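See below for my_file_14.txt, which holds compact mmCIF, C-alpha atoms and all ligand atoms.
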```txt
# COMPACT_ATOMS: atom_id res chain seq x y z
CA MET A 7 133.20 120.17 125.13
CA ILE A 8 129.47 119.59 124.97
CA LYS A 9 128.42 118.56 121.46
CA VAL A 10 125.08 119.32 119.91
CA ASN A 11 122.98 116.67 118.14
CA GLU A 12 123.94 117.80 114.64
CA ASN A 13 121.00 115.97 113.12
CA TYR A 14 118.86 118.89 114.28
CA LEU A 15 121.01 121.21 112.17
CA LYS A 16 119.96 119.28 109.06
CA LEU A 17 116.33 120.33 109.48
CA LYS A 18 115.43 122.47 106.53
CA ALA A 19 113.21 125.12 108.11
CA GLY A 20 111.09 125.68 111.18
CA TYR A 21 108.26 123.19 111.74
CA LEU A 22 105.57 123.93 109.14
CA PHE A 23 102.75 125.24 111.33
CA PRO A 24 104.83 127.58 113.55
CA GLU A 25 106.33 128.91 110.28
CA ILE A 26 102.84 129.68 108.97
CA ALA A 27 101.91 131.26 112.32
CA ARG A 28 105.06 133.42 112.13
CA ARG A 29 104.13 134.72 108.67
CA VAL A 30 100.52 135.35 109.72
CA LYS A 31 101.71 137.26 112.81
CA ILE A 32 103.96 139.51 110.72
CA PHE A 33 101.08 140.18 108.33
CA SER A 34 98.54 140.93 111.07
CA GLN A 35 100.95 143.24 112.90
CA ALA A 36 101.40 145.21 109.68
CA ASN A 37 97.64 145.06 108.93
CA PRO A 38 95.85 145.19 112.30
CA GLN A 39 92.49 145.86 110.63
CA ALA A 40 92.59 142.61 108.61
CA LYS A 41 90.06 140.01 109.80
CA ILE A 42 92.04 136.88 109.14
CA ILE A 43 90.25 133.55 108.63
CA ARG A 44 92.43 130.56 109.51
CA LEU A 45 91.99 127.46 107.37
CA GLY A 46 95.64 126.47 107.74
CA ILE A 47 96.46 124.16 110.64
CA GLY A 48 93.81 121.50 111.19
CA ASP A 49 92.69 122.69 114.59
CA VAL A 50 89.12 122.13 115.70
CA THR A 51 86.82 125.05 116.55
CA GLU A 52 83.66 123.35 117.87
CA PRO A 53 83.47 123.06 121.68
CA ILE A 54 83.79 119.68 123.42
CA ALA A 55 80.55 117.63 123.44
CA PRO A 56 78.31 118.10 126.53
CA ALA A 57 78.43 114.38 127.44
CA VAL A 58 82.24 114.57 127.46
CA ILE A 59 82.25 117.75 129.56
CA ALA A 60 79.85 116.13 132.06
CA ALA A 61 82.18 113.11 132.37
CA MET A 62 85.13 115.42 133.01
CA HIS A 63 83.24 117.36 135.71
CA LYS A 64 82.39 114.09 137.42
CA ALA A 65 86.02 112.95 137.22
CA VAL A 66 87.26 116.26 138.64
CA ASP A 67 84.88 115.88 141.60
CA GLU A 68 86.16 112.33 142.18
CA MET A 69 89.69 113.71 142.43
CA ALA A 70 88.50 115.84 145.39
CA GLU A 71 87.31 112.76 147.33
CA ARG A 72 89.77 110.69 149.34
CA GLU A 73 88.11 107.39 148.40
CA ASN A 74 88.04 108.14 144.66
CA PHE A 75 91.24 110.14 144.26
CA LYS A 76 93.65 108.81 141.61
CA GLY A 77 97.42 109.24 141.56
CA TYR A 78 99.56 107.69 138.84
CA GLY A 79 97.45 105.49 136.61
CA PRO A 80 98.60 102.56 134.49
CA GLU A 81 101.00 103.95 131.85
CA GLN A 82 99.14 102.06 129.12
CA GLY A 83 95.80 103.62 130.06
CA TYR A 84 92.93 102.63 132.35
CA ASP A 85 91.18 99.36 131.48
CA PHE A 86 87.81 101.12 131.28
CA LEU A 87 89.09 103.13 128.28
CA ARG A 88 91.14 100.37 126.65
CA ASN A 89 88.13 98.02 126.75
CA LEU A 90 85.87 100.64 125.14
CA ILE A 91 88.44 101.27 122.39
CA ALA A 92 88.85 97.56 121.63
CA GLU A 93 85.09 96.99 121.46
CA ASN A 94 84.00 100.15 119.63
CA ASP A 95 86.90 100.97 117.33
CA TYR A 96 87.98 97.45 116.42
CA GLN A 97 85.85 94.44 117.40
CA SER A 98 82.65 96.13 116.17
CA ARG A 99 84.29 96.36 112.72
CA GLY A 100 85.54 92.78 112.73
CA ALA A 101 89.13 93.72 113.59
CA LYS A 102 90.64 91.36 116.15
CA ILE A 103 92.30 93.79 118.54
CA ASP A 104 92.41 93.19 122.30
CA ALA A 105 92.39 95.85 125.00
CA ASN A 106 95.90 94.83 126.10
CA GLU A 107 97.27 95.76 122.66
CA ILE A 108 96.28 99.41 123.13
CA PHE A 109 98.57 102.13 124.52
CA VAL A 110 96.69 105.30 125.51
CA SER A 111 98.79 108.43 125.02
CA ASP A 112 98.67 112.20 124.85
CA GLY A 113 98.65 112.48 121.05
CA SER A 114 99.30 110.84 117.72
CA LYS A 115 101.83 113.53 116.84
CA CYS A 116 103.96 112.35 119.78
CA ASP A 117 103.35 108.67 119.06
CA THR A 118 104.09 108.82 115.32
CA GLY A 119 107.17 110.90 116.15
CA ASN A 120 108.42 108.70 119.00
CA LEU A 121 107.78 105.25 117.64
CA GLN A 122 110.73 105.29 115.24
CA GLU A 123 113.13 105.13 118.20
CA ILE A 124 112.45 101.43 118.81
CA PHE A 125 113.81 100.63 115.34
CA ASP A 126 117.46 100.40 114.30
CA ILE A 127 119.00 103.58 112.92
CA ALA A 128 120.01 101.80 109.69
CA ASN A 129 116.43 101.02 108.68
CA VAL A 130 115.31 102.55 105.40
CA ILE A 131 112.13 104.56 105.83
CA ALA A 132 109.54 105.26 103.15
CA VAL A 133 107.06 108.12 103.30
CA GLN A 134 104.28 109.38 101.11
CA ASP A 135 105.04 112.65 99.37
CA PRO A 136 103.31 115.00 100.26
CA VAL A 137 103.50 113.90 103.89
CA TYR A 138 102.64 114.97 107.44
CA PRO A 139 106.05 116.51 108.31
CA VAL A 140 106.36 114.84 111.74
CA TYR A 141 107.24 111.45 110.20
CA VAL A 142 110.15 112.93 108.26
CA ASP A 143 111.45 115.45 110.79
CA THR A 144 111.60 112.93 113.66
CA ASN A 145 113.67 110.56 111.51
CA VAL A 146 115.98 113.47 110.61
CA MET A 147 116.38 114.27 114.32
CA ALA A 148 117.15 110.62 115.05
CA GLY A 149 119.94 110.60 112.45
CA ARG A 150 118.27 108.24 110.01
CA THR A 151 118.82 110.58 107.02
CA GLY A 152 121.51 112.51 105.25
CA ALA A 153 121.46 116.19 104.42
CA SER A 154 118.48 118.02 102.97
CA LEU A 155 118.51 118.54 99.22
CA GLU A 156 117.50 121.59 97.20
CA SER A 157 114.00 120.12 96.69
CA GLY A 158 113.44 119.93 100.45
CA ALA A 159 113.80 116.13 100.44
CA TYR A 160 116.36 114.37 102.68
CA GLU A 161 119.00 111.94 101.50
CA GLY A 162 118.29 108.39 102.56
CA ILE A 163 114.50 108.65 102.74
CA VAL A 164 112.44 106.88 100.09
CA TYR A 165 109.74 109.31 98.99
CA MET A 166 106.67 107.80 97.36
CA PRO A 167 104.91 110.41 95.22
CA CYS A 168 101.15 110.71 95.71
CA THR A 169 99.76 112.34 92.63
CA GLU A 170 96.52 112.95 90.82
CA GLU A 171 97.49 110.05 88.50
CA ASN A 172 97.76 107.45 91.28
CA GLY A 173 94.78 108.83 93.20
CA PHE A 174 97.17 109.94 95.97
CA VAL A 175 97.85 106.31 96.93
CA PRO A 176 101.51 105.58 96.13
CA GLN A 177 102.99 102.79 94.07
CA LEU A 178 105.09 100.21 95.94
CA PRO A 179 108.73 101.33 96.21
CA ASP A 180 111.11 99.83 93.66
CA ARG A 181 113.61 98.95 96.40
CA ALA A 182 113.23 97.17 99.71
CA VAL A 183 112.30 99.48 102.59
CA ASP A 184 111.91 98.65 106.27
CA LEU A 185 109.56 101.18 107.84
CA ILE A 186 106.61 102.50 105.84
CA TYR A 187 104.51 105.45 106.96
CA LEU A 188 100.99 105.45 105.54
CA CYS A 189 98.25 107.91 106.51
CA TYR A 190 94.60 107.30 105.51
CA PRO A 191 92.35 109.24 105.30
CA ASN A 192 95.33 111.21 104.16
CA ASN A 193 96.77 114.38 105.58
CA PRO A 194 97.25 116.52 103.50
CA THR A 195 95.59 115.25 100.30
CA GLY A 196 92.29 114.11 101.86
CA ALA A 197 92.42 110.84 99.87
CA ALA A 198 91.13 107.57 101.33
CA ALA A 199 92.56 104.09 100.64
CA THR A 200 90.50 101.00 99.83
CA LYS A 201 90.93 97.60 101.47
CA GLN A 202 92.49 96.30 98.26
CA GLN A 203 95.05 99.13 98.16
CA LEU A 204 96.02 98.53 101.79
CA LYS A 205 96.21 94.77 101.18
CA THR A 206 98.91 95.45 98.55
CA TRP A 207 100.95 97.21 101.22
CA ILE A 208 100.40 94.47 103.77
CA ASP A 209 101.61 91.86 101.25
CA TYR A 210 104.64 94.02 100.44
CA ALA A 211 105.48 94.41 104.15
CA LYS A 212 105.19 90.66 104.70
CA LYS A 213 107.41 89.86 101.75
CA ASN A 214 110.07 92.39 102.79
CA LYS A 215 109.79 91.83 106.57
CA ALA A 216 108.88 95.51 106.87
CA ILE A 217 106.58 97.33 109.30
CA ILE A 218 103.78 99.73 108.34
CA LEU A 219 103.09 102.66 110.65
CA PHE A 220 99.45 103.42 109.83
CA ASP A 221 98.15 106.83 110.90
CA ALA A 222 94.35 106.72 111.05
CA ALA A 223 93.83 109.97 112.95
CA TYR A 224 91.10 111.04 110.51
CA GLU A 225 89.13 107.77 110.26
CA ALA A 226 86.00 109.38 111.78
CA TYR A 227 85.67 111.46 108.60
CA ILE A 228 85.20 108.45 106.31
CA THR A 229 81.80 108.71 104.61
CA ASP A 230 82.22 105.91 102.07
CA SER A 231 80.96 102.70 103.69
CA GLN A 232 83.39 100.60 101.60
CA MET A 233 86.51 102.26 103.03
CA PRO A 234 88.27 100.59 105.97
CA HIS A 235 88.56 102.65 109.16
CA SER A 236 91.42 100.54 110.47
CA ILE A 237 94.22 98.67 108.75
CA TYR A 238 93.33 95.71 111.00
CA GLU A 239 90.11 95.25 109.01
CA ILE A 240 92.38 93.68 106.40
CA ASP A 241 93.71 90.14 106.77
CA GLY A 242 97.35 89.89 107.70
CA ALA A 243 97.68 93.45 109.04
CA ARG A 244 98.29 92.25 112.61
CA ASP A 245 101.57 90.70 111.42
CA VAL A 246 102.98 93.89 109.92
CA ALA A 247 101.20 97.03 111.14
CA ILE A 248 101.05 99.48 114.02
CA GLU A 249 98.09 101.87 114.05
CA PHE A 250 97.68 105.37 115.48
CA ARG A 251 94.34 106.91 116.44
CA SER A 252 93.47 110.19 118.08
CA TYR A 253 90.54 111.93 119.79
CA SER A 254 91.83 115.30 118.50
CA LYS A 255 89.85 115.48 115.29
CA THR A 256 87.30 112.81 116.24
CA ALA A 257 86.09 114.53 119.40
CA GLY A 258 87.70 117.96 119.42
CA PHE A 259 90.50 117.03 121.86
CA THR A 260 93.31 119.09 120.29
CA GLY A 261 93.52 121.10 123.50
CA LEU A 262 92.67 118.20 125.80
CA ARG A 263 95.21 115.64 124.46
CA CYS A 264 94.31 111.97 124.18
CA ALA A 265 95.14 109.35 121.56
CA PHE A 266 96.16 105.72 121.36
CA THR A 267 98.49 103.40 119.50
CA VAL A 268 97.84 99.75 118.76
CA ILE A 269 100.75 97.29 118.74
CA PRO A 270 99.45 93.75 118.19
CA GLN A 271 100.91 91.00 120.38
CA GLY A 272 103.26 88.91 118.28
CA LEU A 273 104.23 91.71 115.88
CA CYS A 274 108.01 91.45 115.41
CA ALA A 275 111.07 93.21 114.08
CA TYR A 276 114.42 91.41 113.78
CA THR A 277 117.84 91.53 115.42
CA LYS A 278 120.97 91.88 113.27
CA ASP A 279 121.45 88.12 113.43
CA GLY A 280 117.88 87.53 112.25
CA ARG A 281 116.09 86.65 115.50
CA ALA A 282 112.51 87.89 115.86
CA ALA A 283 111.93 90.44 118.66
CA GLU A 284 108.38 91.28 119.75
CA LEU A 285 107.59 94.98 119.53
CA HIS A 286 104.76 95.12 122.09
CA PRO A 287 107.03 94.53 125.12
CA ILE A 288 109.68 96.87 123.69
CA TRP A 289 107.22 99.74 123.24
CA ASN A 290 105.74 98.93 126.64
CA ARG A 291 109.23 99.27 128.15
CA ARG A 292 109.74 102.58 126.38
CA HIS A 293 106.27 103.86 127.28
CA CYS A 294 106.67 103.01 130.99
CA THR A 295 110.11 104.63 131.10
CA LYS A 296 109.31 107.88 129.32
CA PHE A 297 105.58 108.39 129.96
CA ASN A 298 103.40 108.48 133.05
CA GLY A 299 100.03 108.07 131.42
CA VAL A 300 97.20 110.38 130.40
CA SER A 301 95.35 112.08 133.25
CA TYR A 302 92.36 110.25 134.75
CA VAL A 303 90.09 113.20 133.94
CA THR A 304 91.10 113.14 130.27
CA GLN A 305 90.66 109.37 130.00
CA CYS A 306 87.14 109.72 131.49
CA ALA A 307 86.50 112.34 128.80
CA ALA A 308 87.72 109.95 126.09
CA ALA A 309 85.55 107.14 127.50
CA ALA A 310 82.47 109.40 127.29
CA THR A 311 82.92 109.72 123.52
CA TYR A 312 81.72 106.08 123.33
CA SER A 313 78.50 106.67 125.30
CA LYS A 314 75.24 106.86 123.33
CA GLN A 315 74.98 110.62 123.85
CA GLY A 316 78.69 111.15 123.34
CA LYS A 317 78.67 109.35 119.99
CA LYS A 318 75.69 111.39 118.79
CA GLN A 319 77.19 114.69 119.89
CA ILE A 320 80.66 114.16 118.43
CA ARG A 321 79.07 113.02 115.15
CA LYS A 322 77.34 116.41 114.95
CA SER A 323 80.67 118.26 114.97
CA ILE A 324 82.24 115.85 112.48
CA ASP A 325 79.27 116.36 110.14
CA LEU A 326 79.59 120.13 110.49
CA TYR A 327 83.25 119.98 109.43
CA LEU A 328 82.44 117.57 106.59
CA ASN A 329 79.79 119.99 105.38
CA ASN A 330 82.41 122.76 105.46
CA ALA A 331 84.64 120.54 103.32
CA ARG A 332 81.78 120.10 100.84
CA VAL A 333 81.26 123.88 100.65
CA ILE A 334 84.98 124.44 100.08
CA ARG A 335 85.09 121.81 97.35
CA GLU A 336 82.02 123.11 95.56
CA GLN A 337 82.91 126.79 95.74
CA LEU A 338 86.47 126.30 94.58
CA LYS A 339 85.36 123.99 91.76
CA LYS A 340 82.95 126.70 90.60
CA LEU A 341 85.88 129.10 90.45
CA GLY A 342 87.74 126.67 88.20
CA TYR A 343 90.14 125.18 90.76
CA LYS A 344 91.12 121.53 90.55
CA VAL A 345 90.15 120.07 93.93
CA PHE A 346 90.73 116.72 95.61
CA GLY A 347 89.82 115.12 98.94
CA GLY A 348 87.33 116.61 101.37
CA VAL A 349 84.87 113.70 101.03
CA ASN A 350 86.37 111.16 103.44
CA ALA A 351 88.61 113.71 105.18
CA PRO A 352 88.48 117.21 106.66
CA TYR A 353 91.12 118.44 104.20
CA VAL A 354 90.68 119.70 100.65
CA TRP A 355 93.76 119.54 98.43
CA VAL A 356 93.77 122.12 95.66
CA GLN A 357 95.99 122.85 92.69
CA THR A 358 97.29 126.43 92.69
CA PRO A 359 96.03 128.52 89.75
CA ASN A 360 98.49 128.58 86.84
CA ARG A 361 100.80 126.31 88.86
CA LEU A 362 101.83 129.25 91.05
CA GLY A 363 104.38 128.33 93.73
CA SER A 364 102.53 127.20 96.84
CA TRP A 365 104.21 129.68 99.24
CA GLU A 366 103.61 132.42 96.67
CA PHE A 367 99.93 131.50 96.57
CA PHE A 368 99.84 131.34 100.38
CA ASP A 369 101.15 134.94 100.52
CA LEU A 370 98.68 136.06 97.86
CA LEU A 371 95.67 134.58 99.69
CA LEU A 372 96.85 136.01 102.99
CA SER A 373 97.47 139.51 101.68
CA ARG A 374 94.51 139.82 99.28
CA ALA A 375 91.80 137.67 100.90
CA ASN A 376 93.12 137.52 104.49
CA VAL A 377 92.63 133.76 104.36
CA VAL A 378 95.25 131.35 105.73
CA VAL A 379 95.77 128.00 104.00
CA THR A 380 98.69 125.57 104.13
CA PRO A 381 101.13 125.66 101.19
CA GLY A 382 101.54 122.21 99.68
CA ALA A 383 105.33 122.51 99.54
CA GLY A 384 105.33 122.47 103.35
CA PHE A 385 104.35 118.78 103.09
CA GLY A 386 107.17 117.83 100.71
CA ALA A 387 108.40 118.31 97.17
CA ALA A 388 105.36 116.65 95.55
CA GLY A 389 103.14 119.16 97.37
CA GLU A 390 104.53 122.04 95.31
CA GLY A 391 101.84 123.53 93.10
CA TYR A 392 99.10 122.65 95.62
CA PHE A 393 97.61 124.07 98.80
CA ARG A 394 95.58 122.47 101.57
CA ILE A 395 92.41 123.99 103.01
CA SER A 396 91.27 122.76 106.38
CA ALA A 397 87.53 122.40 107.00
CA PHE A 398 88.00 123.03 110.72
CA ASN A 399 86.24 126.33 111.29
CA SER A 400 82.73 127.67 111.68
CA PRO A 401 80.40 127.40 108.63
CA GLU A 402 80.15 131.22 108.70
CA ASN A 403 83.91 131.66 108.43
CA VAL A 404 84.17 129.04 105.69
CA GLU A 405 81.45 130.80 103.66
CA LYS A 406 83.16 134.15 104.21
CA ALA A 407 86.55 132.76 103.18
CA MET A 408 85.07 131.32 99.99
CA GLN A 409 83.40 134.66 99.18
CA ARG A 410 86.68 136.48 99.66
CA ILE A 411 88.47 134.03 97.35
CA ALA A 412 85.69 134.45 94.77
CA GLU A 413 86.10 138.22 94.95
CA LEU A 414 89.74 137.88 93.86
CA TYR A 415 88.34 136.94 90.45
CA LYS A 416 86.06 139.96 90.02
C1 LIG B 501 97.53 119.50 110.53
O1 LIG B 501 97.07 120.61 110.32
O2 LIG B 501 98.15 118.85 109.68
C2 LIG B 501 97.34 118.91 111.87
O3 LIG B 501 96.52 119.69 112.65
C3 LIG B 501 98.59 118.80 112.57
C4 LIG B 501 98.52 117.85 113.69
O4 LIG B 501 97.53 117.15 113.87
O5 LIG B 501 99.52 117.80 114.40
```
I'd like the structure from this file rewritten - as structure tokens, please.
Ligand code: MLT
Amino acid sequence: MIKVNENYLKLKAGYLFPEIARRVKIFSQANPQAKIIRLGIGDVTEPIAPAVIAAMHKAVDEMAERENFKGYGPEQGYDFLRNLIAENDYQSRGAKIDANEIFVSDGSKCDTGNLQEIFDIANVIAVQDPVYPVYVDTNVMAGRTGASLESGAYEGIVYMPCTEENGFVPQLPDRAVDLIYLCYPNNPTGAAATKQQLKTWIDYAKKNKAIILFDAAYEAYITDSQMPHSIYEIDGARDVAIEFRSYSKTAGFTGLRCAFTVIPQGLCAYTKDGRAAELHPIWNRRHCTKFNGVSYVTQCAAAATYSKQGKKQIRKSIDLYLNNARVIREQLKKLGYKVFGGVNAPYVWVQTPNRLGSWEFFDLLLSRANVVVTPGAGFGAAGEGYFRISAFNSPENVEKAMQRIAELYK
């Protein structure tokens, strides 16, 4: 008899964003006249930069020419892109990362979800709470947790509360953990972490022979010049950290799909009998077996984001979204909301009025203002009593959404 992977049956609810989409669909079918503004899922709305589009057109034409046609590319990504990443994203900031340590992929969601499979099932994982649900759900699917509890948490996971009191940067866990997921600038709270704060984590990981999975998908939104864009800007990180980056929010690639993961040469985990095993060749083996590389056209698009024009044009979109975040922060503050984030990140994290339940507040905003946000509880137990507003939309829609929320108070 064929058996199902029962770990999937432990999953508490549908994945957060399809669940929101389901509720929005039901509402809009019942209210077809409602002009819904979506500030829920962090999906970009600005078109791809002209320099990137031009590079894609050129690459498409090359694919039509016998002498330039490309079949399978290197699974790890073309050298032209890996070299640009190493120079622009790392070496220019003093981080010693080589092109051969970079794995180009089709998304950080996939990479942060897949990477756990190269680690033993008995490892103890630690996540921030609230947290991007992919880190938790993929460990549930893999069988690294027990059942889900009433609070929405899973047995066996160490949750590290991120609260107003700790500035949304968690305290070190009071027990030894093996695999630590950190995301800065943070999704969903919009908080950024300083070099000193990350150094504490690096020291902890060294002491406990743990690995940090550092998700830096939103680094392009950092406005504070003191904040690190990469964990590798901090001494010692190469020995304990893997970093994820994405073109999705940096260059509007959510529909195009391109990202990369950095695994430093020499970074190790351990066998049961204590021998060090290098992770780079293990991930390389996994990557080559399960992945055939990102399309040539898409990698040419990613490379164009590093051109002079490309950099200028993608900055314009990032600044537009950051300005939306400022408007959201200011308007909600004026209405008396307690707001966080939105300065070094495209997300604003807001306390619900009168500590209303976050799904309750989601329903209220949807039905009375026709505005979609993300309920904080969808990101974990510590997200209850909060909601997240995404700055990814047009300035017009953001203004309109803020007006509608303001009208709720008249
Ligand atoms: C979010 O809204 O949290 C993100 O868009 C989800 C993602 O990047 O997968």
Sorted per-residue table, chain A near ligand LIG 501 (chain B), closest atoms and distance, 10 Å, all atoms listed in the file, as JSON lines:
```
{"residue": "A:Leu22", "atom": "CA", "partner": "B:LIG501", "partner_atom": "O2", "distance": 9.0}
{"residue": "A:Phe23", "atom": "CA", "partner": "B:LIG501", "partner_atom": "O1", "distance": 7.4}
{"residue": "A:Leu45", "atom": "CA", "partner": "B:LIG501", "partner_atom": "O1", "distance": 9.0}
{"residue": "A:Gly46", "atom": "CA", "partner": "B:LIG501", "partner_atom": "O1", "distance": 6.6}
{"residue": "A:Ile47", "atom": "CA", "partner": "B:LIG501", "partner_atom": "O1", "distance": 3.6}
{"residue": "A:Gly48", "atom": "CA", "partner": "B:LIG501", "partner_atom": "O1", "distance": 3.5}
{"residue": "A:Asp49", "atom": "CA", "partner": "B:LIG501", "partner_atom": "O3", "distance": 5.2}
{"residue": "A:Val50", "atom": "CA", "partner": "B:LIG501", "partner_atom": "O3", "distance": 8.4}
{"residue": "A:Gly113", "atom": "CA", "partner": "B:LIG501", "partner_atom": "O5", "distance": 8.6}
{"residue": "A:Ser114", "atom": "CA", "partner": "B:LIG501", "partner_atom": "O4", "distance": 7.6}
{"residue": "A:Lys115", "atom": "CA", "partner": "B:LIG501", "partner_atom": "O5", "distance": 5.4}
{"residue": "A:Cys116", "atom": "CA", "partner": "B:LIG501", "partner_atom": "O5", "distance": 8.9}
{"residue": "A:Val137", "atom": "CA", "partner": "B:LIG501", "partner_atom": "O2", "distance": 9.3}
{"residue": "A:Tyr138", "atom": "CA", "partner": "B:LIG501", "partner_atom": "O2", "distance": 6.3}
{"residue": "A:Pro139", "atom": "CA", "partner": "B:LIG501", "partner_atom": "O2", "distance": 8.4}
{"residue": "A:Val140", "atom": "CA", "partner": "B:LIG501", "partner_atom": "O5", "distance": 7.9}
{"residue": "A:Asn192", "atom": "CA", "partner": "B:LIG501", "partner_atom": "O2", "distance": 9.8}
{"residue": "A:Asn193", "atom": "CA", "partner": "B:LIG501", "partner_atom": "O2", "distance": 6.2}
{"residue": "A:Pro194", "atom": "CA", "partner": "B:LIG501", "partner_atom": "O2", "distance": 6.7}
{"residue": "A:Ala223", "atom": "CA", "partner": "B:LIG501", "partner_atom": "O4", "distance": 8.1}
{"residue": "A:Tyr224", "atom": "CA", "partner": "B:LIG501", "partner_atom": "O4", "distance": 9.5}
{"residue": "A:Ser252", "atom": "CA", "partner": "B:LIG501", "partner_atom": "O4", "distance": 9.1}
{"residue": "A:Ser254", "atom": "CA", "partner": "B:LIG501", "partner_atom": "O4", "distance": 7.6}
{"residue": "A:Lys255", "atom": "CA", "partner": "B:LIG501", "partner_atom": "O4", "distance": 8.0}
{"residue": "A:Thr260", "atom": "CA", "partner": "B:LIG501", "partner_atom": "O4", "distance": 7.9}
{"residue": "A:Pro352", "atom": "CA", "partner": "B:LIG501", "partner_atom": "O1", "distance": 9.9}
{"residue": "A:Tyr353", "atom": "CA", "partner": "B:LIG501", "partner_atom": "O1", "distance": 8.8}
{"residue": "A:Val379", "atom": "CA", "partner": "B:LIG501", "partner_atom": "O1", "distance": 9.8}
{"residue": "A:Thr380", "atom": "CA", "partner": "B:LIG501", "partner_atom": "O1", "distance": 8.1}
{"residue": "A:Phe385", "atom": "CA", "partner": "B:LIG501", "partner_atom": "O2", "distance": 9.0}
{"residue": "A:Arg394", "atom": "CA", "partner": "B:LIG501", "partner_atom": "O1", "distance": 9.1}
{"residue": "A:Ile395", "atom": "CA", "partner": "B:LIG501", "partner_atom": "O1", "distance": 9.3}
{"residue": "A:Ser396", "atom": "CA", "partner": "B:LIG501", "partner_atom": "O1", "distance": 7.3}
{"residue": "A:Phe398", "atom": "CA", "partner": "B:LIG501", "partner_atom": "O3", "distance": 9.4}
```
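If only C-alpha atoms are the atoms counted, then among A:Pro401, A:Gly100, A:Gly272, A:Gly348 the closest residue to Asp230 of chain A is A:Gly348.
Proximity of A:Asp112, A:Glu161, A:Glu405, A:Glu71 to Phe250 of chain A, computed with all atoms listed in the file, is greatest for A:Asp112.
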Practice prompt. Can you work out which one of A:Lys215, A:Pro176, A:Gly384, A:His63 has the shortest atom-to-atom distance to Gln134 of chain A, counting all atoms listed in the file?
Written response: A:Pro176
Fill in: Shell of 10 Å around segment 237-246 of chain A, all atoms listed in the file, local chain residues under 4 positions omitted, as a PyMOL selection string
chain A and resi 96-97+99-103+190+199-202+204-205+207-212+215-222+233+268-275
Worksheet item: By how many Å are atom CA of Glu81 of chain A and atom CA of Asn298 of chain A apart?
Response: 5.3 Å
Fill in: Selection: 8 Å around Ser400 of chain A, all atoms listed in the file, excl. self and same-chain fewer than 3 positions, as a ChimeraX atom specification
/A:51-52,330,403-404
Discussion item. Neighbouring residues of segment 165-169 of chain A were defined as those with any atom within 7 Å, considering all atoms listed in the file; residues of the same chain fewer than 6 positions away were excluded. Please report them as a ChimeraX atom specification.
Written reply: /A:132-136,175-176,179,388
Discussion item. (100.1, 127.5, 97.7) in this file's frame - what residues fall within 8 Å of it? Use all atoms listed in the file and give the answer as a list of chain:residue names.
Written reply: A:Gln357, A:Thr358, A:Leu362, A:Gly363, A:Ser364, A:Trp365, A:Glu366, A:Phe367, A:Phe368, A:Val379, A:Thr380, A:Pro381, A:Gly382, A:Ala383, A:Glu390, A:Gly391, A:Tyr392, A:Phe393, A:Arg394
Practice prompt. List the residues sitting within 7 Å of (91.4, 118.7, 91.5) in the file's frame, using only C-alpha atoms, as a list of chain:residue names.
Written response: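 These residues have at least one counted atom within 7 Å: A:Tyr343, A:Lys344, A:Val345, A:Phe346, A:Val356, A:Gln357.
For the atom pair formed by atom CA of Asp117 of chain A and atom CA of Tyr327 of chain A, the distance is 25.0 Å, given to one decimal.
Remark: for Asn350 of chain A, the closest of the candidate residues A:Ala310, A:Ala257, A:Ala331, A:Val58 is A:Ala331 (distances computed over all atoms listed in the file).
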Worksheet item: At what distance in Å, to one decimal, does atom CA of Gln203 of chain A lie from atom CA of Val349 of chain A?
Response: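 Taking atom CA of Val349 of chain A and atom CA of Gln203 of chain A, their separation equals 18.0 Å.
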Quick one: everything within 12 Å of Asp126 of chain A, counting only C-alpha atoms, minus sequence neighbours fewer than 3 positions away in the same chain. Send it as a JSON list (two decimals) with C-alpha atoms, in the frame of the given file.
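result-v9.json was written with the following content:
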```json
[["chain", "number", "residue", "atom", "x", "y", "z"],
["A", 121, "LEU", "CA", 107.78, 105.25, 117.64],
["A", 122, "GLN", "CA", 110.73, 105.29, 115.24],
["A", 123, "GLU", "CA", 113.13, 105.13, 118.20],
["A", 129, "ASN", "CA", 116.43, 101.02, 108.68],
["A", 130, "VAL", "CA", 115.31, 102.55, 105.40],
["A", 131, "ILE", "CA", 112.13, 104.56, 105.83],
["A", 145, "ASN", "CA", 113.67, 110.56, 111.51],
["A", 148, "ALA", "CA", 117.15, 110.62, 115.05],
["A", 149, "GLY", "CA", 119.94, 110.60, 112.45],
["A", 150, "ARG", "CA", 118.27, 108.24, 110.01],
["A", 184, "ASP", "CA", 111.91, 98.65, 106.27],
["A", 185, "LEU", "CA", 109.56, 101.18, 107.84],
["A", 275, "ALA", "CA", 111.07, 93.21, 114.08],
["A", 276, "TYR", "CA", 114.42, 91.41, 113.78],
["A", 277, "THR", "CA", 117.84, 91.53, 115.42],
["A", 278, "LYS", "CA", 120.97, 91.88, 113.27]]
```
Discussion item. Here is a test: counting all atoms listed in the file, which residue of A:Arg321, A:Arg181, A:Lys416, A:Arg263 is nearest to Thr229 of chain A?
Written reply: A:Arg321
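Non-sequential neighbours of segment 322-325 of chain A (distance at most 8 Å, separation of 3 or more positions within a chain, all atoms listed in the file) are Glu52, Ala226, Tyr227, Thr256, Ala257, Lys318, Gln319, Leu328 and Asn329 of chain A.
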Practice prompt. Measuring atom to atom with all atoms listed in the file, identify which of A:Ile124, A:Ile8, A:Ile108, A:Val303 is nearest to Asp67 of chain A.
Written response: A:Val303
